[in-house]
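Visitor: Take a look at the following structure, please.
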Amino acid sequence: MGLDIQIITDNYEELHNAAYLVNYTENRKLHSLSREFCNLICRRSVIEHEPELEQLGKLTGTDISALYEMENYPDDEHIRSVLEYDADTEEKKQTFLRKVEADRKKLEGNIDRVLQTINQLLDKLELLGNIYVKLLPTDFDTLNAPYYFSDFSLDKGDGYIRNNLGRDLRNFKRFLEYAKERDSQTVWFQFG
């Protein structure tokens, strides 16, 4: 087992209603992000050289901070856990709750910024050719990089298993557009 990544929205339950779930297999193919994408987002904490996502940002002139910021949304489960186990005084609880409010406020209304980032990456990475050879070599390849960064314009994988970067970014875009059409304003990552 490994860590998975999912895009959550401020109106997640509305997006994942009965109609969405009836077509879950197809929607998963269109909207899911692979475990490799999760690894791409999390590389900052596992490698010593510049993470591949940051390298992609530099190669394309894209500010990828909107994607990294999506990691910092405290969900209700995390809040309950901290309040129950880590905040043992009223002062610690209040300090933590102020931080939660600030972290959530920072992401509020970010869907357009995230979509713009994804669109810019899609447009510019398409022009780069073989992305893999443009990235720093790594001794700790959790991405299966030669495969993951190959054939950018093709949708490799099944929408979750063995996706390549191109498919993950196109799935990300499709989900953001689906969410925007249904009045989502804020998006963040959930790991599990």
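Each chain in the structure tokens gets a letter, A, B, ..., in the order shown, and its residues are numbered from 1; ligands are numbered from 1 in order too.
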Counting only C-alpha atoms, which residues of range 48-131 of chain A sit at most 9 Å from some atom of range 154-170 of chain A, and what is each one's closest atom pair with its distance in Å to one decimal, listed by chain and rising residue number, as a Markdown table?

Guide:
| residue | atom | partner | partner_atom | distance |
| --- | --- | --- | --- | --- |
| A:Ile118 | CA | A:Leu169 | CA | 6.5 |
| A:Asn119 | CA | A:Leu169 | CA | 8.5 |
| A:Leu121 | CA | A:Leu169 | CA | 8.0 |
| A:Leu122 | CA | A:Leu169 | CA | 6.8 |
| A:Leu125 | CA | A:Gly166 | CA | 8.4 |
| A:Glu126 | CA | A:Gly166 | CA | 8.3 |

Visitor: Write down as number ranges by chain the residues belonging to range 3-168 of chain A that are assigned helix (DSSP H, G or I) by DSSP computed on the backbone.

Guide: A: 12-15, 18-22, 24-31, 35-45, 52-60, 65-72, 76-86, 90-107, 111-125, 132-134, 145-148, 165-168

Visitor: Set the distance at 8 Å and use only C-alpha atoms: which residues neighbour range 177-180 of chain A once local chain neighbours fewer than 2 positions away are removed? I'd like the list as a PyMOL selection string.

Guide: chain A and resi 9+15+111+115+173-175+182-185

Visitor: When you count only C-alpha atoms, which of these residues is closest to Ile5 in chain A: A:Asn39, A:Gln55, A:Gln190, A:Thr138?

Guide: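 Closest to Ile5 in chain A, using only C-alpha atoms: A:Gln190.
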
Visitor: Using only C-alpha atoms for the distances, tell me which of A:Glu91, A:Thr186, A:Gln6, A:Glu108 is nearest to Leu33 in chain A.

Guide: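 Going through A:Glu91, A:Thr186, A:Gln6, A:Glu108 one by one, the smallest distance to Leu33 in chain A is for A:Gln6.
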
Visitor: Name the closest residue to Leu135 in chain A among the candidates A:Glu50, A:Ala18, A:Asn11, A:Tyr85; distances are taken between atoms, counting only C-alpha atoms.

Guide: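 Closest to Leu135 in chain A, using only C-alpha atoms: A:Glu50.
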
Visitor: Which residue, A:Glu101, A:Glu26, A:Glu36, A:Asp151, has the smallest gap to Leu3 in chain A when you use only C-alpha atoms?

Guide: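 Answer, going by the shortest atom-to-atom distance: A:Glu36.
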
Visitor: At a cut-off of 9 Å, using only C-alpha atoms, what residues contact range 40-47 of chain A? Leave out same-chain residues fewer than 5 positions from it and give the result as a list in words.

Guide: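 In the requested format, the answer is Arg35, Glu52, Leu53, Leu67, Tyr68, Glu71, Thr138, Asp139, Phe140, Thr142 and Leu143 of chain A.
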
Visitor: A:Arg28, A:Leu97, A:Asn23, A:Phe149: which is nearest His78 in chain A, counting only C-alpha atoms?

Guide: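 For His78 in chain A, the nearest of the given residues is A:Leu97.
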
Visitor: Go through A:Arg113, A:Lys106, A:Val22, A:Ile79 and flag the residue nearest Lys93 in chain A, using only C-alpha atoms for the distances.

Guide: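 When distances to Lys93 in chain A are compared using only C-alpha atoms, the smallest one comes from A:Ile79.
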
Visitor: Which residues come within 6 Å of Trp188 in chain A, counting only C-alpha atoms, excluding same-chain residues fewer than 5 positions away, as a ChimeraX atom specification?

Guide: /A:7-8,70

Visitor: Filtering to C-alpha atoms, could you give me those residues as a compact mmCIF listing (two decimals), in the first residue's frame?

Guide:
# COMPACT_ATOMS: atom_id res chain seq x y z
CA ILE A 7 -8.70 16.71 -4.76
CA ILE A 8 -11.29 17.95 -2.26
CA MET A 70 -3.11 22.74 -1.60

Visitor: Just list as an MDAnalysis selection string whatever in chain A DSSP marks as strand (DSSP E).

Guide: chainID A and resid 5:9 187:191
